[in-house]
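Enquirer: Dumping the structure here so I can ask a few things about it.
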Amino acid sequence: MGKSKLRGKDLLKLGFEQGRAVGIALSVMAKHYKRVQRTEKLAILTSILEAPKTFLEDEILGIIAKELVEKKATTTEIALKETRQDYRTYGSQHIQKEAKSQMDIAMRLPVAAAGALMPDAHSGYGLPIGGVLAVENAVIPYGVGVDIGCRMCLSIFDMSASYLKGHFSQFKRDLMEHTRFGMGCEFTNPLDDPIFDRDEFNTIAIAKRLKHRALKQIGTSGGGNHFVEYGMVNITDIHNEFKLPLGKYVAILSHSGSRGLGANIANFYTKKAMEICKLPKQAKHLAWLGLDTQVGQEYWAAMNLAGDYASACHHQIHRRLAKAMGEKPVAMVENHHNFAWKETLADGRSVVVHRKGATPAGKGVLGIIPGSMTAPGFIVRGKGNFDSINSASHGAGRQMSRTKAIKTINRKEIRAELQRNGVTLLGGGIDEAPMAYKDIHTVMAAQRDLVEVIGTFSPKIVRMADD
């Protein structure tokens with residue numbers, strides 16, 4: 001009997017696509033054909049696969065056929081446009097051709113309405129990092145990115161530079177004690193948060209499955225380029241929105257996203273999008289979900305949940321550290337840079353704007369653009385430039401891939417660079433070496449039309465995941 005049992009991989013070899021049809025077929029065979037030989041079962045399923053419509057009226061096999069027919073009807077074979085739409089590129093001379101090629105492909109999508117490439121751009125999956133893409137009535141999970149809601153958060157304290165210097169050892173201890181980094185990290189006693197009262201954790205199946213993991217990871221940070229830093233903010237705009245006098249202040253800057261919750265949501269719905277929206281190989285990661293479909297609305301709700309969870313994680317990080325300092329921040333700035341928003345273009349069209357590694361820079365909108373661990377970050381005010389789709393860079397951007405950095409940079413060079421800039425690093429891998437990043441000043445010069453600077457942040461103590 002065991003030898004006649006079918007498995008999912010047997011159906012995939014026949015030509016079934018991963019999805020509901022496989023599960024339905026296995027269930028039907030196990031229930032109604034348990035005494036039938038394996039070869040005969042495979043022959044029956046092959047016949048259904050080749051001509052599903054002829055089995056629709058079959059009392060038993062019709063359920064398999066119906067799923068195959070419906071799936072075929074909802075699976076769209078889509079061709080890219082012959083020529084791409086024009087888009088604006090900022091700092092083009094500092095962007096590698098791979099990132100430009102990815103943006104070119106994105107601008108050939110039938111749903112593409114407008115696009116822009118930021119000066120920190122480099123290649124990624126589907127949409128390049130630093131790519132901004134506006135589409136009509138759709139959302140692209142990989143246009144948002146795997147780390148949904150990856151964001152910056154800055155807290156400014158009314159404390160002088162001398163205080164940071166005088167309490168340096170205490171600040172280092174606080175970072176080690178009150179932050180957690182890397183895959184699987186969690187606090188022994190995680191703090192509760194109102195985010196867990198959200199309906200989406202009950203109404204969206206994947207969010208419900210991930211809630212326990214999200215509960216354990218709240219207030220933690222990922223690996224790679226995620227960090228929490230103590231440093232100095234220098235307010236340079238007398239008309240700053242914080243109403244702070246010009247000068248230097250102690251500050252906390254954090255960079256991370258939605259942890260396992262966002263990553264699993266991204267991969268789950270990207271897979272669904274790629275099943276529904278068939279694109280040429282070079283564009284397959286740009287598969288979209290229509291916002292007029294149930295699955296599209298489900299992803300949209302899940303994406304917003306993950307984005308709000310990322311924000312909650314940052315707030316807990318800052319709350320823990322502020323409590324350890326015995327201080328309350330006098331100002332806070334935060335922004336997503338892996339997300340999708342419903343916005344309106346200059347011509348009045350309603351679109352969904354994907355910013356994958358790009359900072360929202362609408363008129364008067366505040367944001368943070370970090371440099372490397374030895375270079376300043378910038379507090380910016382958006383100018384509302386429609387050519388960039390109200391966007392700016394999300395950082396300095398990589399000039400070396402992680403692999404190249406590991407092969408060409410050594411620990412001694414990193415230590416020397418940190419020492420030259422008066423920065424203490426806790427953790428961190430070679431792939432995140434300051435030399436692996438572009439010059440932030442060059443990046444900022446390329447986007448003067450997009451943002452104005454109201455202050456800078458200089459890192460002094462940097463905490464990252466261990467190598």
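Quick note on naming: the chains in the structure tokens go A, B, ... in the order shown, residues restart at 1 in each chain, and ligands are numbered from 1 in order of appearance.
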Contacts of Leu286 (chain A) at 9 Å or less, counting only C-alpha atoms, minus same-chain residues fewer than 5 places along, as a list in words?
Expert: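 Surrounding residues, per the criterion: Ala106, Leu109, Tyr125, Gly126, Leu127, Ile140, Pro141, Tyr142, Gly143, Thr270, Ala273, Met274 and Leu279 of chain A.
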Enquirer: For the selection you just gave me, I'd like the residues written to a file as a JSON list (two decimals), in the first residue's frame, keeping N, CA and C atoms.
Expert:
[["chain", "number", "residue", "atom", "x", "y", "z"],
["A", 106, "ALA", "N", 12.11, 47.39, -15.19],
["A", 106, "ALA", "CA", 10.93, 47.78, -14.40],
["A", 106, "ALA", "C", 10.08, 48.79, -15.17],
["A", 109, "LEU", "N", 7.36, 47.42, -17.61],
["A", 109, "LEU", "CA", 6.17, 46.72, -17.13],
["A", 109, "LEU", "C", 4.91, 47.41, -17.64],
["A", 125, "TYR", "N", 17.10, 42.47, -6.09],
["A", 125, "TYR", "CA", 16.20, 41.52, -6.73],
["A", 125, "TYR", "C", 15.01, 42.28, -7.29],
["A", 126, "GLY", "N", 14.77, 42.12, -8.59],
["A", 126, "GLY", "CA", 13.66, 42.84, -9.22],
["A", 126, "GLY", "C", 13.98, 44.31, -9.33],
["A", 127, "LEU", "N", 13.35, 45.12, -8.51],
["A", 127, "LEU", "CA", 13.63, 46.56, -8.48],
["A", 127, "LEU", "C", 14.97, 46.79, -7.81],
["A", 140, "ILE", "N", 3.76, 45.48, -6.04],
["A", 140, "ILE", "CA", 4.80, 44.50, -6.36],
["A", 140, "ILE", "C", 5.53, 44.15, -5.06],
["A", 141, "PRO", "N", 5.32, 42.96, -4.51],
["A", 141, "PRO", "CA", 5.97, 42.61, -3.24],
["A", 141, "PRO", "C", 7.48, 42.81, -3.25],
["A", 142, "TYR", "N", 8.16, 42.40, -4.32],
["A", 142, "TYR", "CA", 9.61, 42.60, -4.38],
["A", 142, "TYR", "C", 9.98, 44.04, -4.76],
["A", 143, "GLY", "N", 8.99, 44.83, -5.13],
["A", 143, "GLY", "CA", 9.22, 46.26, -5.31],
["A", 143, "GLY", "C", 9.29, 46.97, -3.96],
["A", 270, "THR", "N", 5.24, 37.20, -2.64],
["A", 270, "THR", "CA", 6.00, 37.22, -3.89],
["A", 270, "THR", "C", 5.77, 35.93, -4.65],
["A", 273, "ALA", "N", 2.42, 36.12, -6.21],
["A", 273, "ALA", "CA", 2.44, 37.03, -7.36],
["A", 273, "ALA", "C", 3.07, 36.36, -8.57],
["A", 274, "MET", "N", 4.16, 35.62, -8.35],
["A", 274, "MET", "CA", 4.84, 34.96, -9.47],
["A", 274, "MET", "C", 4.02, 33.81, -10.04],
["A", 279, "LEU", "N", 5.85, 36.59, -15.86],
["A", 279, "LEU", "CA", 6.64, 37.57, -16.59],
["A", 279, "LEU", "C", 7.88, 36.89, -17.18]]
Enquirer: Determine, using only C-alpha atoms, which residues of region 111-164 of chain A have any atom at most 8 Å from an atom of region 311-324 of chain A, and tabulate each with its shortest atom pair and distance in Å to one decimal place, rows ordered by chain and then rising number, as CSV.
Expert:
residue,atom,partner,partner_atom,distance
A:Gly149,CA,A:Ser311,CA,7.7
A:Arg151,CA,A:Ser311,CA,7.6
A:Cys153,CA,A:His314,CA,6.6
A:Ser155,CA,A:His318,CA,7.2
Enquirer: Any chance you can output those residues with N, CA and C atoms as an mmCIF file, in the first residue's frame?
Expert:
data_model
loop_
_atom_site.group_PDB
_atom_site.id
_atom_site.type_symbol
_atom_site.label_atom_id
_atom_site.label_comp_id
_atom_site.auth_asym_id
_atom_site.auth_seq_id
_atom_site.Cartn_x
_atom_site.Cartn_y
_atom_site.Cartn_z
ATOM 1 N N GLY A 149 9.148 47.647 5.444
ATOM 2 C CA GLY A 149 9.166 48.684 6.473
ATOM 3 C C GLY A 149 10.529 48.941 7.061
ATOM 4 N N ARG A 151 13.498 50.843 8.085
ATOM 5 C CA ARG A 151 13.295 52.266 8.344
ATOM 6 C C ARG A 151 14.399 52.839 9.222
ATOM 7 N N CYS A 153 15.114 55.660 12.503
ATOM 8 C CA CYS A 153 14.476 56.367 13.611
ATOM 9 C C CYS A 153 15.552 57.103 14.400
ATOM 10 N N SER A 155 16.221 59.727 17.733
ATOM 11 C CA SER A 155 15.775 60.425 18.936
ATOM 12 C C SER A 155 16.852 61.428 19.340
#
Enquirer: May I have the residues within 9 Å of Val423 (chain A) as a list of chain:residue names, using only C-alpha atoms and disregarding those fewer than 4 positions away in the same chain?
Expert: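 Listed by chain and then number, they are A:Met373, A:Thr374, A:Glu417, A:Leu418, A:Gln419, A:Pro459, A:Lys460, A:Ile461, A:Val462.
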Enquirer: May I have the selected residues written with N, CA and C atoms, as a PDB file, in the first residue's frame?
Expert:
ATOM      1  N   MET A 373      29.241  53.966   8.919  1.00  0.00           N
ATOM      2  CA  MET A 373      29.472  54.074  10.356  1.00  0.00           C
ATOM      3  C   MET A 373      30.533  55.116  10.709  1.00  0.00           C
ATOM      4  N   THR A 374      31.302  55.591   9.725  1.00  0.00           N
ATOM      5  CA  THR A 374      32.291  56.641   9.991  1.00  0.00           C
ATOM      6  C   THR A 374      31.971  57.943   9.269  1.00  0.00           C
ATOM      7  N   GLU A 417      40.340  52.796  10.185  1.00  0.00           N
ATOM      8  CA  GLU A 417      39.340  53.764   9.722  1.00  0.00           C
ATOM      9  C   GLU A 417      38.459  54.235  10.869  1.00  0.00           C
ATOM     10  N   LEU A 418      38.069  53.310  11.726  1.00  0.00           N
ATOM     11  CA  LEU A 418      37.254  53.666  12.891  1.00  0.00           C
ATOM     12  C   LEU A 418      38.030  54.600  13.821  1.00  0.00           C
ATOM     13  N   GLN A 419      39.297  54.292  14.042  1.00  0.00           N
ATOM     14  CA  GLN A 419      40.114  55.108  14.931  1.00  0.00           C
ATOM     15  C   GLN A 419      40.297  56.513  14.398  1.00  0.00           C
ATOM     16  N   PRO A 459      28.020  59.411  14.008  1.00  0.00           N
ATOM     17  CA  PRO A 459      28.082  58.235  14.880  1.00  0.00           C
ATOM     18  C   PRO A 459      29.306  58.268  15.794  1.00  0.00           C
ATOM     19  N   LYS A 460      29.132  57.789  17.028  1.00  0.00           N
ATOM     20  CA  LYS A 460      30.249  57.681  17.969  1.00  0.00           C
ATOM     21  C   LYS A 460      30.384  56.252  18.527  1.00  0.00           C
ATOM     22  N   ILE A 461      29.270  55.633  18.866  1.00  0.00           N
ATOM     23  CA  ILE A 461      29.272  54.230  19.309  1.00  0.00           C
ATOM     24  C   ILE A 461      28.253  53.482  18.435  1.00  0.00           C
ATOM     25  N   VAL A 462      28.728  52.487  17.702  1.00  0.00           N
ATOM     26  CA  VAL A 462      27.878  51.765  16.743  1.00  0.00           C
ATOM     27  C   VAL A 462      27.719  50.320  17.184  1.00  0.00           C
TER      28      VAL A 462
END
Enquirer: Mind checking which residues fall within 12 Å of Lys404 (chain A), counting only C-alpha atoms, ignoring those fewer than 6 positions away in the same chain, and posting them as a list in words?
Expert: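 In the requested form, the answer reads Arg398, Asn410, Ile430, Asp431, Glu432, Ala433, Met435, Ala436 and Tyr437 of chain A.
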Enquirer: Sort by chain and increasing residue number a table of all residues of region 114-178 of chain A within 8 Å of region 228-249 of chain A, each with its closest pair of atoms and their distance in Å to one decimal, counting only C-alpha atoms, and write it as CSV.
Expert:
residue,atom,partner,partner_atom,distance
A:Ile156,CA,A:Tyr249,CA,6.6
A:Phe157,CA,A:Tyr249,CA,6.1
A:Asp158,CA,A:Tyr249,CA,5.9
A:Met159,CA,A:Tyr249,CA,5.4
A:Ser160,CA,A:Tyr249,CA,5.2
A:Ala161,CA,A:Tyr249,CA,6.3
A:Leu164,CA,A:Gly231,CA,8.0
A:Phe171,CA,A:Tyr230,CA,7.6
A:Leu175,CA,A:Val228,CA,7.7
Enquirer: For those residues, write N, CA and C atoms to a file as a PDB file, in the first residue's frame.
Expert:
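Final file, result38.pdb:
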ATOM      1  N   ILE A 156      16.442  62.668  19.591  1.00  0.00           N
ATOM      2  CA  ILE A 156      17.379  63.726  19.986  1.00  0.00           C
ATOM      3  C   ILE A 156      17.130  64.081  21.450  1.00  0.00           C
ATOM      4  N   PHE A 157      18.214  64.177  22.226  1.00  0.00           N
ATOM      5  CA  PHE A 157      18.120  64.476  23.655  1.00  0.00           C
ATOM      6  C   PHE A 157      18.800  65.808  23.960  1.00  0.00           C
ATOM      7  N   ASP A 158      18.242  66.520  24.914  1.00  0.00           N
ATOM      8  CA  ASP A 158      18.816  67.817  25.291  1.00  0.00           C
ATOM      9  C   ASP A 158      20.016  67.593  26.222  1.00  0.00           C
ATOM     10  N   MET A 159      21.064  67.017  25.629  1.00  0.00           N
ATOM     11  CA  MET A 159      22.292  66.685  26.357  1.00  0.00           C
ATOM     12  C   MET A 159      23.472  67.080  25.476  1.00  0.00           C
ATOM     13  N   SER A 160      24.505  67.592  26.079  1.00  0.00           N
ATOM     14  CA  SER A 160      25.631  68.135  25.315  1.00  0.00           C
ATOM     15  C   SER A 160      26.618  67.049  24.894  1.00  0.00           C
ATOM     16  N   ALA A 161      27.506  67.407  23.976  1.00  0.00           N
ATOM     17  CA  ALA A 161      28.538  66.497  23.499  1.00  0.00           C
ATOM     18  C   ALA A 161      29.434  66.039  24.642  1.00  0.00           C
ATOM     19  N   LEU A 164      28.138  62.886  26.476  1.00  0.00           N
ATOM     20  CA  LEU A 164      28.414  61.622  25.790  1.00  0.00           C
ATOM     21  C   LEU A 164      29.845  61.176  26.047  1.00  0.00           C
ATOM     22  N   PHE A 171      27.327  54.309  28.034  1.00  0.00           N
ATOM     23  CA  PHE A 171      26.584  54.209  26.774  1.00  0.00           C
ATOM     24  C   PHE A 171      26.895  52.891  26.063  1.00  0.00           C
ATOM     25  N   LEU A 175      24.095  49.898  25.187  1.00  0.00           N
ATOM     26  CA  LEU A 175      23.865  49.319  23.862  1.00  0.00           C
ATOM     27  C   LEU A 175      23.946  47.796  23.908  1.00  0.00           C
TER      28      LEU A 175
END
Enquirer: Determine which residues of region 5-195 of chain A receive a DSSP assignment of alpha helix (DSSP H), computed from the backbone, and state them as a PyMOL selection string.
Expert: chain A and resi 8-14+20-32+38-50+62-74+97-106+141-144+161-166+168-178
Enquirer: Considering only C-alpha atoms, return as a PyMOL selection string whatever protein or nucleic-acid residues lie within 12 Å of Ala263 (chain A), sequence-local ones (same chain, fewer than 4 positions apart) excluded.
Expert: chain A and resi 141-142+144-150+183+206-207+210+213-214+222+257-259+267-270+302-303+306-307+310+338
Enquirer: Measuring between only C-alpha atoms, which one of A:Leu133, A:Met118, A:Leu261, A:Cys185 shows the shortest distance to Met444 (chain A)?
Expert: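 Closest candidate: A:Met118.
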Enquirer: Between A:Thr203, A:Gln217, A:Asn137, A:Thr54, which is the closest to Val351 (chain A) once you count only C-alpha atoms?
Expert: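 Once distances to Val351 (chain A) are computed over only C-alpha atoms, the minimum belongs to A:Asn137.
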Enquirer: Apply DSSP to the backbone of this structure and, from region 5-176 of chain A, keep only the residues in strand (DSSP E or B); write these as number ranges by chain.
Expert: A: 76-77, 88-89, 112-122, 129-135, 138-139, 151-157
Enquirer: Could you state the separation of CA of Ser101 (chain A) and CA of Lys356 (chain A) in Å, given to one decimal place?
Expert: 15.6 Å
Enquirer: Find the residue from A:Gly362, A:Lys34, A:Arg20, A:Thr293 that sits nearest to Asp387 (chain A); use only C-alpha atoms when measuring.
Expert: A:Gly362
Enquirer: Using only C-alpha atoms, determine which residues lie at most 10 Å from Leu14 (chain A), disregarding the query and same-chain residues fewer than 5 positions distant; provide the list as a list in words.
Expert: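 Using only C-alpha atoms, the neighbours found are Lys9, Leu42, Ala43, Leu45, Thr46 and Leu49 of chain A.
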Enquirer: Please identify all polymer residues within 8 Å of region 189-199 of chain A, counting only C-alpha atoms, omitting same-chain residues fewer than 5 positions from it, and present them as a PDB file with C-alpha atoms, in the first residue's frame.
Expert:
ATOM      1  CA  LYS A 211       2.371  36.317  15.582  1.00  0.00           C
ATOM      2  CA  LEU A 215       5.963  38.675  19.893  1.00  0.00           C
ATOM      3  CA  LYS A 216       9.389  37.232  20.726  1.00  0.00           C
ATOM      4  CA  GLN A 217      11.297  39.484  18.298  1.00  0.00           C
ATOM      5  CA  ILE A 218       9.664  42.816  19.168  1.00  0.00           C
ATOM      6  CA  GLY A 219      12.295  45.464  19.928  1.00  0.00           C
ATOM      7  CA  ASP A 308       3.822  49.341  11.712  1.00  0.00           C
ATOM      8  CA  TYR A 309       5.536  46.438  13.476  1.00  0.00           C
ATOM      9  CA  ALA A 312       7.041  49.530  17.016  1.00  0.00           C
ATOM     10  CA  GLN A 316      10.915  49.950  21.884  1.00  0.00           C
TER      11      GLN A 316
END
Enquirer: So the first atom is CA of Gly91 (chain A) and the second is CA of Asp120 (chain A); what is the distance between them in Å, to one decimal place?
Expert: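 Interatomic distance, CA of Gly91 (chain A) to CA of Asp120 (chain A): 8.0 Å.
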